[in-house]
Every structure is written in structure tokens, then in C-alpha cells.
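Next up, entry.cif (mmCIF, C-alpha atoms and all ligand atoms):
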```cif
data_query
#
loop_
_atom_site.group_PDB
_atom_site.id
_atom_site.type_symbol
_atom_site.label_atom_id
_atom_site.label_comp_id
_atom_site.auth_asym_id
_atom_site.auth_seq_id
_atom_site.Cartn_x
_atom_site.Cartn_y
_atom_site.Cartn_z
ATOM 1 C CA MET A 1 0.000 0.000 0.000
ATOM 2 C CA SER A 2 1.288 3.496 -0.837
ATOM 3 C CA LYS A 3 1.211 6.638 1.265
ATOM 4 C CA ASN A 4 -2.111 8.447 1.520
ATOM 5 C CA THR A 5 -1.881 12.151 0.776
ATOM 6 C CA VAL A 6 -4.302 14.977 0.036
ATOM 7 C CA ALA A 7 -3.747 14.221 -3.663
ATOM 8 C CA THR A 8 -4.327 10.439 -3.451
ATOM 9 C CA LEU A 9 -7.426 10.950 -1.313
ATOM 10 C CA ALA A 10 -8.830 13.512 -3.774
ATOM 11 C CA ALA A 11 -8.167 11.050 -6.605
ATOM 12 C CA MET A 12 -10.107 8.378 -4.694
ATOM 13 C CA LYS A 13 -13.146 10.682 -4.542
ATOM 14 C CA LYS A 14 -12.801 11.435 -8.232
ATOM 15 C CA ASN A 15 -12.673 7.705 -9.070
ATOM 16 C CA GLY A 16 -15.661 6.925 -6.854
ATOM 17 C CA GLU A 17 -13.522 4.851 -4.441
ATOM 18 C CA LYS A 18 -14.664 4.891 -0.806
ATOM 19 C CA ILE A 19 -12.227 6.155 1.846
ATOM 20 C CA SER A 20 -11.838 4.691 5.378
ATOM 21 C CA GLN A 21 -11.003 6.655 8.510
ATOM 22 C CA VAL A 22 -10.929 5.779 12.212
ATOM 23 C CA THR A 23 -9.962 7.753 15.260
ATOM 24 C CA CYS A 24 -6.726 6.807 16.990
ATOM 25 C CA TYR A 25 -4.818 8.284 19.917
ATOM 26 C CA ASP A 26 -1.678 6.207 20.517
ATOM 27 C CA TYR A 27 1.352 4.615 18.822
ATOM 28 C CA SER A 28 0.456 0.919 19.297
ATOM 29 C CA THR A 29 -3.049 1.295 17.885
ATOM 30 C CA ALA A 30 -1.783 3.523 15.058
ATOM 31 C CA ARG A 31 0.557 0.700 13.926
ATOM 32 C CA LEU A 32 -2.411 -1.684 13.734
ATOM 33 C CA VAL A 33 -4.578 0.833 11.864
ATOM 34 C CA ASP A 34 -1.748 1.546 9.425
ATOM 35 C CA ALA A 35 -1.094 -2.197 8.882
ATOM 36 C CA ALA A 36 -4.819 -2.716 8.203
ATOM 37 C CA GLY A 37 -4.632 -0.305 5.256
ATOM 38 C CA ILE A 38 -7.025 2.328 6.655
ATOM 39 C CA ASN A 39 -6.658 5.497 4.576
ATOM 40 C CA MET A 40 -6.987 8.174 7.251
ATOM 41 C CA ILE A 41 -6.666 8.548 11.032
ATOM 42 C CA LEU A 42 -8.339 11.271 13.009
ATOM 43 C CA VAL A 43 -6.664 12.094 16.298
ATOM 44 C CA GLY A 44 -10.008 13.394 17.492
ATOM 45 C CA ASP A 45 -10.615 15.576 20.504
ATOM 46 C CA SER A 46 -13.004 12.720 21.353
ATOM 47 C CA LEU A 47 -9.888 11.592 23.235
ATOM 48 C CA GLY A 48 -11.200 13.813 26.018
ATOM 49 C CA MET A 49 -14.049 11.331 26.436
ATOM 50 C CA VAL A 50 -12.626 7.935 25.416
ATOM 51 C CA MET A 51 -9.052 8.356 26.688
ATOM 52 C CA GLN A 52 -9.453 10.854 29.523
ATOM 53 C CA GLY A 53 -12.959 10.117 30.813
ATOM 54 C CA TYR A 54 -14.486 13.611 30.524
ATOM 55 C CA LYS A 55 -18.222 13.883 29.743
ATOM 56 C CA ASP A 56 -17.518 15.939 26.595
ATOM 57 C CA THR A 57 -14.592 17.191 24.487
ATOM 58 C CA LEU A 58 -14.433 20.735 25.888
ATOM 59 C CA PRO A 59 -11.582 20.378 28.441
ATOM 60 C CA VAL A 60 -9.038 19.098 25.876
ATOM 61 C CA THR A 61 -6.047 21.413 25.261
ATOM 62 C CA VAL A 62 -3.698 22.019 22.315
ATOM 63 C CA ASP A 63 -0.802 20.614 24.366
ATOM 64 C CA GLU A 64 -2.737 17.374 24.917
ATOM 65 C CA MET A 65 -3.646 17.073 21.225
ATOM 66 C CA ILE A 66 0.068 17.423 20.442
ATOM 67 C CA VAL A 67 1.111 14.657 22.857
ATOM 68 C CA TYR A 68 -1.462 12.187 21.487
ATOM 69 C CA GLY A 69 -1.013 13.353 17.879
ATOM 70 C CA ARG A 70 2.739 12.847 17.743
ATOM 71 C CA SER A 71 2.425 9.313 19.181
ATOM 72 C CA VAL A 72 0.014 8.423 16.397
ATOM 73 C CA VAL A 73 2.178 9.955 13.661
ATOM 74 C CA ARG A 74 5.128 7.821 14.859
ATOM 75 C CA GLY A 75 3.019 4.694 14.312
ATOM 76 C CA CYS A 76 1.961 5.464 10.727
ATOM 77 C CA GLU A 77 3.800 4.748 7.503
ATOM 78 C CA ASN A 78 0.973 5.138 4.994
ATOM 79 C CA THR A 79 -2.108 6.285 6.853
ATOM 80 C CA PHE A 80 -2.891 10.012 6.546
ATOM 81 C CA VAL A 81 -3.036 11.615 10.016
ATOM 82 C CA CYS A 82 -5.342 14.541 10.777
ATOM 83 C CA VAL A 83 -5.343 16.125 14.256
ATOM 84 C CA ASP A 84 -8.338 17.927 15.776
ATOM 85 C CA MET A 85 -8.066 21.527 16.927
ATOM 86 C CA PRO A 86 -9.638 21.547 20.408
ATOM 87 C CA PHE A 87 -12.305 23.879 21.807
ATOM 88 C CA MET A 88 -11.221 27.545 21.960
ATOM 89 C CA SER A 89 -7.994 26.965 20.020
ATOM 90 C CA TYR A 90 -9.381 28.589 16.834
ATOM 91 C CA GLN A 91 -12.620 30.437 17.658
ATOM 92 C CA ILE A 92 -11.057 33.688 18.921
ATOM 93 C CA SER A 93 -9.583 34.895 15.623
ATOM 94 C CA PRO A 94 -8.224 33.502 12.331
ATOM 95 C CA GLU A 95 -4.738 34.484 13.562
ATOM 96 C CA GLN A 96 -5.179 32.422 16.740
ATOM 97 C CA ALA A 97 -6.401 29.534 14.558
ATOM 98 C CA LEU A 98 -3.359 29.765 12.273
ATOM 99 C CA GLN A 99 -0.948 29.939 15.204
ATOM 100 C CA ASN A 100 -2.412 26.810 16.835
ATOM 101 C CA ALA A 101 -2.778 24.908 13.540
ATOM 102 C CA GLY A 102 0.895 25.661 12.816
ATOM 103 C CA ARG A 103 1.918 24.467 16.276
ATOM 104 C CA ILE A 104 -0.075 21.252 15.912
ATOM 105 C CA MET A 105 1.425 20.490 12.499
ATOM 106 C CA LYS A 106 5.015 21.407 13.493
ATOM 107 C CA GLU A 107 4.970 19.539 16.806
ATOM 108 C CA THR A 108 3.102 16.373 15.724
ATOM 109 C CA GLY A 109 4.167 15.929 12.094
ATOM 110 C CA CYS A 110 0.520 15.399 11.121
ATOM 111 C CA SER A 111 -0.740 16.004 7.578
ATOM 112 C CA ALA A 112 -3.873 18.060 8.330
ATOM 113 C CA VAL A 113 -5.927 19.668 11.078
ATOM 114 C CA LYS A 114 -9.693 19.563 11.661
ATOM 115 C CA LEU A 115 -11.883 22.428 12.882
ATOM 116 C CA GLU A 116 -15.574 22.386 13.774
ATOM 117 C CA GLY A 117 -17.914 24.930 12.182
ATOM 118 C CA GLY A 118 -19.134 26.208 8.820
ATOM 119 C CA LYS A 119 -19.508 29.750 7.521
ATOM 120 C CA ASP A 120 -18.375 31.227 10.847
ATOM 121 C CA ILE A 121 -14.933 29.667 10.710
ATOM 122 C CA ALA A 122 -14.404 30.066 6.943
ATOM 123 C CA PRO A 123 -11.941 32.997 7.469
ATOM 124 C CA ALA A 124 -9.855 30.802 9.805
ATOM 125 C CA ILE A 125 -9.876 27.939 7.265
ATOM 126 C CA ARG A 126 -8.750 30.340 4.544
ATOM 127 C CA LEU A 127 -5.811 31.639 6.564
ATOM 128 C CA ILE A 128 -4.705 28.134 7.633
ATOM 129 C CA THR A 129 -4.913 26.652 4.121
ATOM 130 C CA ASN A 130 -3.116 29.703 2.663
ATOM 131 C CA ALA A 131 -0.234 28.802 4.997
ATOM 132 C CA GLY A 132 -0.039 25.339 3.389
ATOM 133 C CA ILE A 133 -1.800 23.436 6.153
ATOM 134 C CA PRO A 134 -4.533 21.116 4.800
ATOM 135 C CA VAL A 135 -7.862 21.475 6.625
ATOM 136 C CA VAL A 136 -10.749 19.096 7.249
ATOM 137 C CA ALA A 137 -13.886 20.982 8.313
ATOM 138 C CA HIS A 138 -16.573 19.444 10.549
ATOM 139 C CA ILE A 139 -20.242 20.409 10.271
ATOM 140 C CA GLY A 140 -23.655 19.100 11.302
ATOM 141 C CA MET A 141 -23.442 17.868 14.884
ATOM 142 C CA THR A 142 -20.281 19.545 16.127
ATOM 143 C CA PRO A 143 -19.489 18.083 19.574
ATOM 144 C CA GLN A 144 -17.695 21.232 20.805
ATOM 145 C CA SER A 145 -21.093 23.023 20.605
ATOM 146 C CA VAL A 146 -22.871 20.382 22.716
ATOM 147 C CA ASN A 147 -23.976 23.033 25.211
ATOM 148 C CA ALA A 148 -25.455 25.231 22.469
ATOM 149 C CA PHE A 149 -27.250 22.226 20.894
ATOM 150 C CA GLY A 150 -28.560 21.041 24.283
ATOM 151 C CA GLY A 151 -27.109 17.553 23.716
ATOM 152 C CA PHE A 152 -25.627 15.343 20.984
ATOM 153 C CA LYS A 153 -28.473 15.632 18.424
ATOM 154 C CA VAL A 154 -29.088 14.993 14.701
ATOM 155 C CA GLN A 155 -28.560 18.215 12.703
ATOM 156 C CA GLY A 156 -30.094 19.429 9.425
ATOM 157 C CA LYS A 157 -33.662 18.480 10.430
ATOM 158 C CA GLY A 158 -36.225 20.763 8.748
ATOM 159 C CA GLU A 159 -35.770 22.942 5.685
ATOM 160 C CA ALA A 160 -33.996 25.910 7.282
ATOM 161 C CA ASN A 161 -31.482 23.691 9.062
ATOM 162 C CA ALA A 162 -30.877 21.584 5.946
ATOM 163 C CA ARG A 163 -30.154 24.762 3.960
ATOM 164 C CA ARG A 164 -27.777 25.963 6.676
ATOM 165 C CA VAL A 165 -25.825 22.681 6.672
ATOM 166 C CA LEU A 166 -25.512 22.749 2.852
ATOM 167 C CA GLU A 167 -24.417 26.407 2.926
ATOM 168 C CA ASP A 168 -21.845 25.581 5.620
ATOM 169 C CA ALA A 169 -20.475 22.771 3.420
ATOM 170 C CA LEU A 170 -20.174 25.103 0.434
ATOM 171 C CA ALA A 171 -18.553 27.809 2.588
ATOM 172 C CA VAL A 172 -15.816 25.508 3.960
ATOM 173 C CA GLN A 173 -15.082 24.208 0.457
ATOM 174 C CA GLU A 174 -14.842 27.775 -0.828
ATOM 175 C CA ALA A 175 -12.484 28.636 2.075
ATOM 176 C CA GLY A 176 -10.061 25.875 1.026
ATOM 177 C CA ALA A 177 -10.889 22.787 3.140
ATOM 178 C CA PHE A 178 -9.999 19.573 1.277
ATOM 179 C CA ALA A 179 -12.577 17.490 3.167
ATOM 180 C CA VAL A 180 -15.561 17.992 5.430
ATOM 181 C CA THR A 181 -16.848 15.710 8.159
ATOM 182 C CA LEU A 182 -20.656 15.459 8.255
ATOM 183 C CA GLU A 183 -21.777 14.297 11.693
ATOM 184 C CA CYS A 184 -25.368 13.148 12.335
ATOM 185 C CA VAL A 185 -26.724 14.504 9.035
ATOM 186 C CA PRO A 186 -29.763 12.737 7.498
ATOM 187 C CA PRO A 187 -28.980 10.519 4.452
ATOM 188 C CA LYS A 188 -30.650 12.463 1.615
ATOM 189 C CA LEU A 189 -29.091 15.723 2.757
ATOM 190 C CA ALA A 190 -25.681 13.989 3.080
ATOM 191 C CA ALA A 191 -26.120 12.645 -0.477
ATOM 192 C CA LEU A 192 -26.982 16.101 -1.815
ATOM 193 C CA ILE A 193 -23.988 17.698 -0.076
ATOM 194 C CA THR A 194 -21.675 14.946 -1.402
ATOM 195 C CA LYS A 195 -23.016 15.561 -4.934
ATOM 196 C CA LYS A 196 -22.615 19.345 -4.693
ATOM 197 C CA LEU A 197 -19.054 19.290 -3.316
ATOM 198 C CA ASP A 198 -15.796 18.599 -5.120
ATOM 199 C CA ILE A 199 -14.102 17.997 -1.758
ATOM 200 C CA ILE A 200 -14.358 14.731 0.217
ATOM 201 C CA THR A 201 -17.322 14.232 2.554
ATOM 202 C CA ILE A 202 -16.547 12.093 5.618
ATOM 203 C CA GLY A 203 -19.663 10.676 7.239
ATOM 204 C CA ILE A 204 -20.280 9.739 10.847
ATOM 205 C CA GLY A 205 -23.960 9.024 11.251
ATOM 206 C CA ALA A 206 -24.439 10.493 7.773
ATOM 207 C CA SER A 207 -25.097 7.328 5.693
ATOM 208 C CA SER A 208 -23.072 5.485 3.068
ATOM 209 C CA CYS A 209 -23.676 8.337 0.574
ATOM 210 C CA CYS A 210 -20.562 10.096 1.879
ATOM 211 C CA ASP A 211 -17.196 9.603 0.165
ATOM 212 C CA ALA A 212 -15.571 8.441 3.401
ATOM 213 C CA GLN A 213 -16.612 7.013 6.769
ATOM 214 C CA VAL A 214 -15.170 7.628 10.220
ATOM 215 C CA LEU A 215 -15.849 5.902 13.542
ATOM 216 C CA VAL A 216 -14.391 6.285 17.013
ATOM 217 C CA TYR A 217 -12.372 3.075 17.364
ATOM 218 C CA GLN A 218 -13.472 2.318 20.925
ATOM 219 C CA ASP A 219 -17.099 2.378 19.692
ATOM 220 C CA MET A 220 -16.489 0.030 16.749
ATOM 221 C CA LEU A 221 -14.419 -2.395 18.865
ATOM 222 C CA GLY A 222 -16.801 -2.589 21.813
ATOM 223 C CA MET A 223 -14.458 -0.734 24.159
ATOM 224 C CA SER A 224 -16.690 2.204 25.103
ATOM 225 C CA GLY A 225 -19.375 2.235 27.772
ATOM 226 C CA ASP A 226 -22.897 0.884 27.567
ATOM 227 C CA TYR A 227 -24.255 3.801 25.481
ATOM 228 C CA VAL A 228 -23.631 3.153 21.780
ATOM 229 C CA PRO A 229 -24.793 5.827 19.277
ATOM 230 C CA LYS A 230 -27.231 4.619 16.562
ATOM 231 C CA PHE A 231 -24.640 5.146 13.804
ATOM 232 C CA VAL A 232 -22.068 2.789 15.353
ATOM 233 C CA LYS A 233 -21.537 -0.770 14.156
ATOM 234 C CA ARG A 234 -19.538 -3.053 16.441
ATOM 235 C CA PHE A 235 -16.958 -4.831 14.296
ATOM 236 C CA ALA A 236 -15.487 -6.777 17.246
ATOM 237 C CA ASN A 237 -15.891 -7.124 20.984
ATOM 238 C CA VAL A 238 -12.327 -6.305 21.952
ATOM 239 C CA GLY A 239 -13.484 -4.739 25.225
ATOM 240 C CA GLU A 240 -14.895 -8.078 26.414
ATOM 241 C CA GLN A 241 -11.756 -9.925 25.262
ATOM 242 C CA MET A 242 -9.549 -7.460 27.165
ATOM 243 C CA LYS A 243 -11.652 -7.839 30.298
ATOM 244 C CA GLU A 244 -11.424 -11.659 30.102
ATOM 245 C CA ALA A 245 -7.636 -11.476 29.588
ATOM 246 C CA PHE A 246 -7.228 -9.127 32.601
ATOM 247 C CA LYS A 247 -9.370 -11.487 34.710
ATOM 248 C CA ALA A 248 -7.276 -14.516 33.664
ATOM 249 C CA TYR A 249 -4.046 -12.642 34.524
ATOM 250 C CA ASP A 250 -5.461 -11.543 37.877
ATOM 251 C CA ALA A 251 -6.453 -15.134 38.706
ATOM 252 C CA GLU A 252 -3.039 -16.570 37.720
ATOM 253 C CA VAL A 253 -1.089 -13.913 39.663
ATOM 254 C CA LYS A 254 -3.188 -14.571 42.742
ATOM 255 C CA ALA A 255 -2.892 -18.366 42.377
ATOM 256 C CA GLY A 256 0.897 -18.098 41.888
ATOM 257 C CA THR A 257 0.670 -19.881 38.519
ATOM 258 C CA PHE A 258 2.081 -16.908 36.624
ATOM 259 C CA PRO A 259 4.964 -16.544 35.909
ATOM 260 C CA THR A 260 6.137 -20.102 35.216
ATOM 261 C CA PRO A 261 9.841 -21.018 34.670
ATOM 262 C CA GLU A 262 9.217 -20.354 30.989
ATOM 263 C CA GLN A 263 8.825 -16.636 31.721
ATOM 264 C CA THR A 264 11.966 -16.330 33.920
ATOM 265 C CA TYR A 265 15.713 -15.781 33.345
ATOM 266 C CA ALA A 266 16.873 -18.930 35.209
ATOM 267 C CA LYS A 267 19.950 -19.392 32.970
ATOM 268 C CA SER A 268 21.373 -16.044 34.152
ATOM 269 C CA ASP A 269 21.079 -16.940 37.849
ATOM 270 C CA CYS A 270 24.192 -17.039 40.086
ATOM 271 C CA SER A 271 25.379 -20.276 41.675
ATOM 272 C CA ASP A 272 23.639 -21.590 44.811
ATOM 273 C CA GLU A 273 26.910 -21.164 46.722
ATOM 274 C CA PHE A 274 27.130 -17.464 45.857
ATOM 275 C CA LEU A 275 23.486 -16.851 46.741
ATOM 276 C CA GLU A 276 24.000 -18.617 50.097
ATOM 277 C CA LYS A 277 26.973 -16.273 50.683
ATOM 278 C CA LEU A 278 24.833 -13.227 49.794
ATOM 279 C CA ASP A 279 22.116 -14.500 52.104
ATOM 280 C CA ALA A 280 24.588 -14.752 54.991
ATOM 281 C CA GLU A 281 26.150 -11.328 54.288
ATOM 282 C CA TYR A 282 22.956 -9.227 54.415
HETATM 283 O O1 LIG B 301 -13.258 13.965 17.800
HETATM 284 C C1 LIG B 301 -13.695 13.079 17.045
HETATM 285 O O2 LIG B 301 -13.460 11.874 17.225
HETATM 286 C C2 LIG B 301 -14.506 13.502 15.914
HETATM 287 C C3 LIG B 301 -15.247 12.433 15.187
HETATM 288 C C4 LIG B 301 -16.463 12.104 15.952
HETATM 289 C C5 LIG B 301 -15.532 12.818 13.794
HETATM 290 O O3 LIG B 301 -14.583 14.654 15.631
#
```
Using C-alpha cells, write down the structure that the file contains.
Amino acid sequence: MSKNTVATLAAMKKNGEKISQVTCYDYSTARLVDAAGINMILVGDSLGMVMQGYKDTLPVTVDEMIVYGRSVVRGCENTFVCVDMPFMSYQISPEQALQNAGRIMKETGCSAVKLEGGKDIAPAIRLITNAGIPVVAHIGMTPQSVNAFGGFKVQGKGEANARRVLEDALAVQEAGAFAVTLECVPPKLAALITKKLDIITIGIGASSCCDAQVLVYQDMLGMSGDYVPKFVKRFANVGEQMKEAFKAYDAEVKAGTFPTPEQTYAKSDCSDEFLEKLDAEY
């Protein structure tokens, strides 16, 4: 498999090939994602919830995104890595957005940044892309606005909202984004937006009409809590397997059956005579 870039991903859209993306937050998982041939990774600020245990993404900082982001980049040979810009790292001014996007790219080695918002953040997208930093926009249900939405809710319901979501998509394309994530957008609207845009649409809860799909990996592997959003499909139950493995380890440690001689360095041991001498000395 060859390296995924903005150009190869754009060519995939043009050729009608679907694009895969998952979230990822650490080196070990990034190696597995890369080996699986996934096209794109999002180091999402969802890490605030799935890695740090917050109730939403708002507390996450730029410094934290950089720590997680650079671990992921080190694990990828071919997968394209995009890092989220966290809450309040780009909303104050386009200049603030550019400064933080530049920091994220310089300090992680990622290939793109993602910002939530449509028309309102178009000036920030323009400034960032003009500096040579590829941007993925994120519209529809934007988790950083959870307090304004009054919860994690489907967006684009009703004619006025549908028009607003389409106009946001057109605005971020016009500003220079090379892709746009559509979160919790109804299928026909997602299809229309995908048809109208030249840039890649990445769906999460936005149907198979989008050019690409993204899922939070803990959701798709059965590693998140009991609440599973409607748009998630569980591709494995890794969470259950991990729990069973931890239980088996716990039981063996407590029974004294782990480690066995097989897991020790017996060949490097000193002679019995020397150990008896040590025993007597101390
Ligand atoms: O932070 C994240 O993981 C995201 C996805 C839900 C698209 O933004």
C-alpha cells in the first residue's frame, strides 16, 4: 500500500472509491490501523471522552492534542493523520487559529488539522490553508457546541437547518478545506452535499452516501461504555476480550501460577553457593 496524501485521497473521490477513517490516539493502535490499510486517522478531541474520561470534548487542550497526535504519527507509515483543533484553540480569531494549527502540524508531524464549524470559521480555514496546512472541516453535529445544541443531536432536520448545513459545506469548500466531516446529518441531505461538493465528505452518522466514513475506534471495537450511538456498528468485541484477559491474569497472579519457569531468566542466575553467601552477608 502506498502513502495516503491529500492528492491520493482527492483522486479516490474522483474515481468513486470509498475512503476509510478511524480515530486513533496512541502509537500501538496507530501501527495496527496503518497495517490494516485504513486510509486516514483522526486524532479526534473525542480523546477527552474515550481516553481521559471527561463527559464531553471541551476540556481538551492544544498541548494534549500534540502529545497524542505525535504518538500516532510515529506509528503510521501510509495512513494520513489529521489532528483535531480543540475547543477555543481557533474560535477567537483567524490568527489564533493559524498559530495553533501551525503548532499542531510542526509539533506532531501530522498532515492536516480539523476544525468544527461552517460559515463562521471560513476565514480561519482560509488563513490556515493559505499557509499550506490542509484542513478538514466538521459540520452538522459539532461536539464542541454540545452546550449550544442542548445535547448530541441529529442536525439538518427541517428545511432551514438543511439549507444551513448545505451552505456551511459550500462555505468551507470555498475557504479551502480539502474534506468535510458530516456528523449526524440525514442521508438524503448527506447525499446532496456529497453531490454538490468537489471535496471529500466524511460521514459519521451520515449514511453510506458520503465519500468516506469515520468511527471512534473504541465504539467500533466494543471498548466504550454501555451507550452506543445509533450510527455505530460493532466490528469486534475487543473490550470483552480485554476484560477476560485481565481477569485470567489476575487469577493466575493470585494463584501463583504466573509466571512459570518459561517466563523467567533462570539461565542467568548465580550459583547456589554465591546466593548462600549473599544471604549470609545481608
Ligand atoms: O473527535 C472526534 O473523534 C470527531 C469524530 C467524531 C468525527 O470529531
* Asked: Any idea what's packed within 7 Å of stretch 58-64 of chain A, counting all atoms listed in the file, ignoring anything in its chain fewer than 4 positions away? Could you give it as a ChimeraX atom specification?
  -> /A:45,48,68,85-87,89,144
Kindly assemble as JSON lines a list of the chain A residues that lie within 6 Å of ligand LIG 301 (chain B), each paired with its nearest atom pair and their distance in Å to one decimal, using all atoms listed in the file, sorted first by chain and then by ascending residue number.
```
{"residue": "A:Thr23", "atom": "CA", "partner": "B:LIG301", "partner_atom": "O2", "distance": 5.8}
{"residue": "A:Gly44", "atom": "CA", "partner": "B:LIG301", "partner_atom": "O1", "distance": 3.3}
{"residue": "A:Asp45", "atom": "CA", "partner": "B:LIG301", "partner_atom": "O1", "distance": 4.1}
{"residue": "A:Ser46", "atom": "CA", "partner": "B:LIG301", "partner_atom": "O1", "distance": 3.8}
{"residue": "A:Val216", "atom": "CA", "partner": "B:LIG301", "partner_atom": "O2", "distance": 5.7}
```
* Asked: Suppose you want the space between atom CA of A:Val232 and atom CA of A:Leu42; what is it in Å?
  ->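 Separation between atom CA of A:Val232 and atom CA of A:Leu42: 16.3 Å.
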* To do: Choose the residue, out of A:Pro186, A:Gly109, A:Gly176, A:Gly203, that has the smallest atom-to-atom separation from A:Gly158; count all atoms listed in the file.
  =>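 Going through A:Pro186, A:Gly109, A:Gly176, A:Gly203 one by one, the smallest distance to A:Gly158 is for A:Pro186.
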* Asked: What lies within 12 Å of A:Val146 using all atoms listed in the file, ignoring chain neighbours under 3 positions off, as an MDAnalysis selection string?
  -> chainID A and resid 55:58 87 116 140:143 149:155
* To do: Would you write out, as a PyMOL selection string, every residue that the PyMOL selection byres (((chain A and resi 138) around 7) and not hetatm) captures in this file?
  => chain A and resi 114-117+136-137+139+142+180-182
* Residues matched by the PyMOL selection byres (((chain A and resi 80) around 8) and not hetatm), written as a list in words ->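 With the PyMOL selection byres (((chain A and resi 80) around 8) and not hetatm) on this model, the match is Lys3, Asn4, Thr5, Asn39, Met40, Ile41, Cys76, Asn78, Thr79, Val81, Cys82, Cys110 and Ser111 of chain A.
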* Using only C-alpha atoms, pick whichever of A:Thr194, A:Ser224, A:Thr8, A:Asn161 has the shortest atom-to-atom distance to A:Asp211. =>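 The shortest atom-to-atom distance to A:Asp211 comes from A:Thr194.
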* Work out how far atom CA of A:Gly225 is from atom CA of A:Ala245, in Å to one decimal. =>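 Those two atoms sit 18.1 Å apart.
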* Apply the PyMOL selection byres (((chain A and resi 29-35) around 7) and not hetatm) to the structure shown and report the selected residues as a list in words. =>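 This file, filtered by the PyMOL selection byres (((chain A and resi 29-35) around 7) and not hetatm), leaves Cys24, Asp26, Tyr27, Ser28, Ala36, Gly37, Ile38, Val72, Gly75, Cys76, Glu77, Asn78 and Thr79 of chain A.
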* Option closest in space to A:Ile19, from A:Gln218, A:Ser271, A:Asn237, A:Ser208 [counting all atoms listed in the file] ->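 Closest to A:Ile19, using all atoms listed in the file: A:Ser208.
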* **Selected residue, from A:Lys243, A:Lys188, A:Arg70, A:Lys277, that lies nearest to A:Met223 when counting all atoms listed in the file** =>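 Closest to A:Met223, using all atoms listed in the file: A:Lys243.
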* Record the distance separating atom CA of A:Thr257 and atom CA of A:Met242, expressed in Å with one decimal. =>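 Going from atom CA of A:Thr257 over to atom CA of A:Met242 covers 19.7 Å.
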